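Novice: Contents of target_33.pdb (PDB, C-alpha atoms, pLDDT in the B column) are given next:
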ATOM      1  CA  MET A   1     128.451  59.428  11.510  1.00 93.00           C
ATOM      2  CA  ARG A   2     128.901  58.513   7.851  1.00 95.00           C
ATOM      3  CA  LEU A   3     127.040  60.623   5.294  1.00 96.00           C
ATOM      4  CA  ASP A   4     125.219  57.672   3.697  1.00 95.00           C
ATOM      5  CA  LEU A   5     123.956  56.510   7.112  1.00 95.00           C
ATOM      6  CA  VAL A   6     122.803  60.010   8.073  1.00 96.00           C
ATOM      7  CA  LEU A   7     120.836  60.375   4.828  1.00 96.00           C
ATOM      8  CA  LYS A   8     119.133  57.010   5.317  1.00 96.00           C
ATOM      9  CA  GLN A   9     118.442  57.221   9.056  1.00 95.00           C
ATOM     10  CA  SER A  10     117.140  60.798   8.880  1.00 95.00           C
ATOM     11  CA  GLY A  11     114.730  59.857   6.081  1.00 95.00           C
ATOM     12  CA  LEU A  12     116.100  62.237   3.445  1.00 94.00           C
ATOM     13  CA  ILE A  13     116.841  59.260   1.166  1.00 94.00           C
ATOM     14  CA  LYS A  14     115.116  55.905   1.549  1.00 95.00           C
ATOM     15  CA  ARG A  15     117.988  53.552   0.677  1.00 95.00           C
ATOM     16  CA  ARG A  16     121.635  53.628   1.705  1.00 94.00           C
ATOM     17  CA  THR A  17     122.770  52.411  -1.730  1.00 95.00           C
ATOM     18  CA  VAL A  18     120.955  55.334  -3.363  1.00 95.00           C
ATOM     19  CA  ALA A  19     122.574  57.745  -0.887  1.00 94.00           C
ATOM     20  CA  LYS A  20     125.985  56.245  -1.724  1.00 94.00           C
ATOM     21  CA  THR A  21     125.414  56.590  -5.477  1.00 95.00           C
ATOM     22  CA  ILE A  22     124.222  60.196  -5.205  1.00 95.00           C
ATOM     23  CA  SER A  23     127.177  61.253  -3.068  1.00 94.00           C
ATOM     24  CA  ASP A  24     129.649  59.349  -5.298  1.00 95.00           C
ATOM     25  CA  ASN A  25     128.390  61.453  -8.220  1.00 94.00           C
ATOM     26  CA  GLY A  26     129.053  64.722  -6.339  1.00 93.00           C
ATOM     27  CA  HIS A  27     125.425  65.741  -5.807  1.00 95.00           C
ATOM     28  CA  ILE A  28     125.772  66.286  -2.034  1.00 96.00           C
ATOM     29  CA  LEU A  29     127.729  69.080  -0.385  1.00 97.00           C
ATOM     30  CA  ILE A  30     128.645  69.260   3.301  1.00 97.00           C
ATOM     31  CA  ASN A  31     129.249  72.873   4.363  1.00 97.00           C
ATOM     32  CA  GLY A  32     129.856  73.809   0.717  1.00 95.00           C
ATOM     33  CA  LYS A  33     132.354  71.017  -0.053  1.00 96.00           C
ATOM     34  CA  VAL A  34     131.763  67.979  -2.278  1.00 95.00           C
ATOM     35  CA  SER A  35     131.467  64.884  -0.102  1.00 94.00           C
ATOM     36  CA  LYS A  36     131.956  61.130  -0.282  1.00 95.00           C
ATOM     37  CA  PRO A  37     129.649  58.505   1.263  1.00 95.00           C
ATOM     38  CA  SER A  38     132.187  57.982   4.061  1.00 95.00           C
ATOM     39  CA  SER A  39     132.433  61.698   4.925  1.00 96.00           C
ATOM     40  CA  ASP A  40     131.850  62.453   8.591  1.00 96.00           C
ATOM     41  CA  VAL A  41     128.699  64.456   9.396  1.00 97.00           C
ATOM     42  CA  LYS A  42     128.556  66.367  12.683  1.00 96.00           C
ATOM     43  CA  ASP A  43     125.823  68.166  14.568  1.00 96.00           C
ATOM     44  CA  GLY A  44     125.023  71.493  12.883  1.00 96.00           C
ATOM     45  CA  ASP A  45     126.471  70.631   9.458  1.00 97.00           C
ATOM     46  CA  HIS A  46     124.703  72.128   6.410  1.00 97.00           C
ATOM     47  CA  LEU A  47     123.908  69.668   3.606  1.00 97.00           C
ATOM     48  CA  SER A  48     122.981  70.657   0.059  1.00 96.00           C
ATOM     49  CA  LEU A  49     121.373  67.893  -1.992  1.00 95.00           C
ATOM     50  CA  HIS A  50     121.019  68.295  -5.762  1.00 94.00           C
ATOM     51  CA  LEU A  51     118.339  65.798  -6.810  1.00 90.00           C
ATOM     52  CA  GLY A  52     117.463  66.336 -10.454  1.00 89.00           C
ATOM     53  CA  ALA A  53     115.776  69.724 -10.727  1.00 94.00           C
ATOM     54  CA  ARG A  54     115.303  69.959  -6.942  1.00 92.00           C
ATOM     55  CA  GLN A  55     117.825  71.402  -4.525  1.00 95.00           C
ATOM     56  CA  ILE A  56     117.337  70.752  -0.818  1.00 94.00           C
ATOM     57  CA  GLU A  57     119.250  72.587   1.916  1.00 97.00           C
ATOM     58  CA  VAL A  58     119.127  71.117   5.435  1.00 97.00           C
ATOM     59  CA  VAL A  59     120.874  71.383   8.798  1.00 98.00           C
ATOM     60  CA  ILE A  60     121.621  68.076  10.540  1.00 97.00           C
ATOM     61  CA  LYS A  61     120.916  67.665  14.266  1.00 96.00           C
ATOM     62  CA  PHE A  62     121.553  64.569  16.373  1.00 96.00           C
ATOM     63  CA  GLU A  63     119.132  63.457  19.102  1.00 95.00           C
ATOM     64  CA  THR A  64     120.218  60.964  21.756  1.00 94.00           C
ATOM     65  CA  LYS A  65     117.824  58.108  22.493  1.00 92.00           C
ATOM     66  CA  GLY A  66     119.321  55.762  25.037  1.00 93.00           C
ATOM     67  CA  ARG A  67     122.862  55.118  23.836  1.00 92.00           C
ATOM     68  CA  ARG A  68     122.121  55.791  20.157  1.00 93.00           C
ATOM     69  CA  GLU A  69     122.343  59.039  18.245  1.00 93.00           C
ATOM     70  CA  ILE A  70     119.499  59.524  15.787  1.00 95.00           C
ATOM     71  CA  PRO A  71     120.057  62.078  12.983  1.00 96.00           C
ATOM     72  CA  THR A  72     117.266  64.515  12.202  1.00 96.00           C
ATOM     73  CA  TYR A  73     117.151  67.455   9.829  1.00 96.00           C
ATOM     74  CA  GLU A  74     115.626  70.888   9.504  1.00 96.00           C
ATOM     75  CA  GLU A  75     115.131  72.502   6.097  1.00 96.00           C
ATOM     76  CA  VAL A  76     116.807  75.847   5.500  1.00 93.00           C
ATOM     77  CA  LYS A  77     114.943  78.371   3.381  1.00 76.00           C
TER      78      LYS A  77
END
Show me, as structure tokens, the structure contained in the file I just sent.

Specialist:
Amino acid sequence: MRLDLVLKQSGLIKRRTVAKTISDNGHILINGKVSKPSSDVKDGDHLSLHLGARQIEVVIKFETKGRREIPTYEEVK
């Protein structure tokens, strides 16, 4: 699933356009690599978000509901 969709659907970022802008500026890393909004996110990937003075580290998990996969996250400490 695309990075910008994962960020929006999981609730980490409220708007897809904001998620696209943040990842375009290089503030999101997938498994330690700078990512684009169209980067593919898989189950178990580690995301690092640099939002101003805050840095958030999460692991993405996908839950299946019917035929849809819903992304969720768990914060890493």

Novice: Expand the PyMOL selection byres ((chain A and resi 58) around 6) into the individual residues it matches in the shown file, reporting them as a ChimeraX atom specification.

Specialist: /A:46-47,57,59,74-76

Novice: For the file shown, report as an MDAnalysis selection string the outcome of the PyMOL selection byres ((chain A and resi 72) around 10) at residue level.

Specialist: chainID A and resid 6:7 9:12 43 58:63 69:71 73:74

Novice: What is the distance, in Å and to one decimal place, between CA of Ala19 (chain A) and CA of Pro37 (chain A)?

Specialist: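 Pair CA of Ala19 (chain A) / CA of Pro37 (chain A) returns 7.4 Å.
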
Novice: Please enumerate the residues selected by the PyMOL selection byres ((chain A and resi 1) around 6) when evaluated against the supplied file, formatted as a ChimeraX atom specification.

Specialist: /A:2,40-41

Novice: So how many Å separate CA of His50 (chain A) and CA of Arg15 (chain A), to one decimal?

Specialist: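 Between these atoms lies a distance of 16.4 Å.
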
Novice: Which is closer to Asp45 (chain A) than all the others in A:Lys20, A:Lys14, A:Leu3, A:Lys65, using all atoms listed in the file?

Specialist: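 Distance minimum relative to Asp45 (chain A) lands on A:Leu3.
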
Novice: Can you pull out every residue within 6 Å of region 27-32 of chain A, counting only C-alpha atoms, but drop anything in the same chain fewer than 2 positions away, and send it as a PyMOL selection string?

Specialist: chain A and resi 22-23+25+34-35+46-50

Novice: For CA of Arg68 (chain A) and CA of Ser38 (chain A), quote the distance in Å rounded to one decimal.

Specialist: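 Computed distance, CA of Arg68 (chain A) to CA of Ser38 (chain A), equals 19.1 Å.
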
Novice: Using only C-alpha atoms, which residue out of A:Arg67, A:Lys77, A:Gly26, A:Ser39 lies closest to Asp4 (chain A)?

Specialist: A:Ser39

Novice: Would you compute an axis-aligned box for region 28-43 of chain A, covering every atom listed for it in the file with 8 Å of margin on each side, and report centre and edge lengths in Å to one decimal as AutoDock Vina command-line options?

Specialist:
--center_x 129.1 --center_y 65.9 --center_z 6.1 --size_x 22.7 --size_y 31.8 --size_z 32.8

Novice: What would region 3-14 of chain A look like with all heavy atoms in place, written as a PDB file, in the frame of the given file?

Specialist:
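Output file rebuild-v3.pdb is given in full below:
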ATOM      1  N   LEU A   3     128.050  59.889   6.056  1.00 96.00           N
ATOM      2  CA  LEU A   3     127.040  60.623   5.294  1.00 96.00           C
ATOM      3  C   LEU A   3     125.927  59.710   4.802  1.00 96.00           C
ATOM      4  O   LEU A   3     124.742  60.037   4.947  1.00 96.00           O
ATOM      5  CB  LEU A   3     127.689  61.337   4.107  1.00 96.00           C
ATOM      6  CG  LEU A   3     126.742  62.028   3.129  1.00 96.00           C
ATOM      7  CD1 LEU A   3     125.964  63.125   3.836  1.00 96.00           C
ATOM      8  CD2 LEU A   3     127.509  62.582   1.955  1.00 96.00           C
ATOM      9  N   ASP A   4     126.264  58.549   4.230  1.00 95.00           N
ATOM     10  CA  ASP A   4     125.219  57.672   3.697  1.00 95.00           C
ATOM     11  C   ASP A   4     124.291  57.164   4.795  1.00 95.00           C
ATOM     12  O   ASP A   4     123.085  57.037   4.589  1.00 95.00           O
ATOM     13  CB  ASP A   4     125.811  56.530   2.864  1.00 95.00           C
ATOM     14  CG  ASP A   4     126.859  55.713   3.582  1.00 95.00           C
ATOM     15  OD1 ASP A   4     127.277  56.097   4.691  1.00 95.00           O
ATOM     16  OD2 ASP A   4     127.281  54.679   3.024  1.00 95.00           O
ATOM     17  N   LEU A   5     124.809  56.934   5.994  1.00 95.00           N
ATOM     18  CA  LEU A   5     123.956  56.510   7.112  1.00 95.00           C
ATOM     19  C   LEU A   5     123.056  57.650   7.595  1.00 95.00           C
ATOM     20  O   LEU A   5     121.889  57.430   7.910  1.00 95.00           O
ATOM     21  CB  LEU A   5     124.812  56.027   8.278  1.00 95.00           C
ATOM     22  CG  LEU A   5     125.385  54.625   8.155  1.00 95.00           C
ATOM     23  CD1 LEU A   5     126.304  54.332   9.331  1.00 95.00           C
ATOM     24  CD2 LEU A   5     124.286  53.598   8.088  1.00 95.00           C
ATOM     25  N   VAL A   6     123.599  58.853   7.646  1.00 96.00           N
ATOM     26  CA  VAL A   6     122.803  60.010   8.073  1.00 96.00           C
ATOM     27  C   VAL A   6     121.639  60.227   7.119  1.00 96.00           C
ATOM     28  O   VAL A   6     120.504  60.449   7.551  1.00 96.00           O
ATOM     29  CB  VAL A   6     123.687  61.278   8.155  1.00 96.00           C
ATOM     30  CG1 VAL A   6     122.836  62.526   8.304  1.00 96.00           C
ATOM     31  CG2 VAL A   6     124.661  61.176   9.301  1.00 96.00           C
ATOM     32  N   LEU A   7     121.902  60.160   5.816  1.00 96.00           N
ATOM     33  CA  LEU A   7     120.836  60.375   4.828  1.00 96.00           C
ATOM     34  C   LEU A   7     119.742  59.326   4.956  1.00 96.00           C
ATOM     35  O   LEU A   7     118.558  59.633   4.862  1.00 96.00           O
ATOM     36  CB  LEU A   7     121.424  60.365   3.419  1.00 96.00           C
ATOM     37  CG  LEU A   7     122.347  61.539   3.088  1.00 96.00           C
ATOM     38  CD1 LEU A   7     123.007  61.311   1.739  1.00 96.00           C
ATOM     39  CD2 LEU A   7     121.591  62.843   3.107  1.00 96.00           C
ATOM     40  N   LYS A   8     120.120  58.077   5.198  1.00 96.00           N
ATOM     41  CA  LYS A   8     119.133  57.010   5.317  1.00 96.00           C
ATOM     42  C   LYS A   8     118.370  57.102   6.637  1.00 96.00           C
ATOM     43  O   LYS A   8     117.145  57.062   6.666  1.00 96.00           O
ATOM     44  CB  LYS A   8     119.784  55.646   5.206  1.00 96.00           C
ATOM     45  CG  LYS A   8     118.668  54.607   5.128  1.00 96.00           C
ATOM     46  CD  LYS A   8     118.993  53.319   5.623  1.00 96.00           C
ATOM     47  CE  LYS A   8     117.909  52.316   5.504  1.00 96.00           C
ATOM     48  NZ  LYS A   8     116.877  52.444   6.478  1.00 96.00           N
ATOM     49  N   GLN A   9     119.095  57.234   7.750  1.00 95.00           N
ATOM     50  CA  GLN A   9     118.442  57.221   9.056  1.00 95.00           C
ATOM     51  C   GLN A   9     117.594  58.467   9.314  1.00 95.00           C
ATOM     52  O   GLN A   9     116.628  58.405  10.055  1.00 95.00           O
ATOM     53  CB  GLN A   9     119.483  57.053  10.162  1.00 95.00           C
ATOM     54  CG  GLN A   9     120.083  55.670  10.184  1.00 95.00           C
ATOM     55  CD  GLN A   9     121.086  55.484  11.300  1.00 95.00           C
ATOM     56  OE1 GLN A   9     121.336  56.383  12.091  1.00 95.00           O
ATOM     57  NE2 GLN A   9     121.662  54.299  11.363  1.00 95.00           N
ATOM     58  N   SER A  10     117.940  59.588   8.700  1.00 95.00           N
ATOM     59  CA  SER A  10     117.140  60.798   8.880  1.00 95.00           C
ATOM     60  C   SER A  10     115.891  60.785   7.999  1.00 95.00           C
ATOM     61  O   SER A  10     114.962  61.541   8.230  1.00 95.00           O
ATOM     62  CB  SER A  10     117.962  62.039   8.568  1.00 95.00           C
ATOM     63  OG  SER A  10     118.299  62.079   7.204  1.00 95.00           O
ATOM     64  N   GLY A  11     115.888  59.947   6.961  1.00 95.00           N
ATOM     65  CA  GLY A  11     114.730  59.857   6.081  1.00 95.00           C
ATOM     66  C   GLY A  11     114.817  60.741   4.852  1.00 95.00           C
ATOM     67  O   GLY A  11     113.870  60.814   4.075  1.00 95.00           O
ATOM     68  N   LEU A  12     115.943  61.420   4.653  1.00 94.00           N
ATOM     69  CA  LEU A  12     116.100  62.237   3.445  1.00 94.00           C
ATOM     70  C   LEU A  12     116.125  61.365   2.197  1.00 94.00           C
ATOM     71  O   LEU A  12     115.575  61.743   1.168  1.00 94.00           O
ATOM     72  CB  LEU A  12     117.387  63.055   3.531  1.00 94.00           C
ATOM     73  CG  LEU A  12     117.325  64.304   4.393  1.00 94.00           C
ATOM     74  CD1 LEU A  12     118.719  64.840   4.665  1.00 94.00           C
ATOM     75  CD2 LEU A  12     116.482  65.350   3.717  1.00 94.00           C
ATOM     76  N   ILE A  13     116.773  60.212   2.279  1.00 94.00           N
ATOM     77  CA  ILE A  13     116.841  59.260   1.166  1.00 94.00           C
ATOM     78  C   ILE A  13     116.481  57.888   1.727  1.00 94.00           C
ATOM     79  O   ILE A  13     116.939  57.518   2.813  1.00 94.00           O
ATOM     80  CB  ILE A  13     118.246  59.269   0.525  1.00 94.00           C
ATOM     81  CG1 ILE A  13     118.505  60.638  -0.080  1.00 94.00           C
ATOM     82  CG2 ILE A  13     118.364  58.178  -0.528  1.00 94.00           C
ATOM     83  CD1 ILE A  13     119.834  60.811  -0.743  1.00 94.00           C
ATOM     84  N   LYS A  14     115.668  57.145   0.998  1.00 95.00           N
ATOM     85  CA  LYS A  14     115.116  55.905   1.549  1.00 95.00           C
ATOM     86  C   LYS A  14     116.087  54.736   1.600  1.00 95.00           C
ATOM     87  O   LYS A  14     115.954  53.864   2.441  1.00 95.00           O
ATOM     88  CB  LYS A  14     113.875  55.505   0.769  1.00 95.00           C
ATOM     89  CG  LYS A  14     112.767  56.494   0.939  1.00 95.00           C
ATOM     90  CD  LYS A  14     111.459  55.927   0.514  1.00 95.00           C
ATOM     91  CE  LYS A  14     110.399  56.980   0.625  1.00 95.00           C
ATOM     92  NZ  LYS A  14     109.415  56.670   1.604  1.00 95.00           N
TER      93      LYS A  14
END
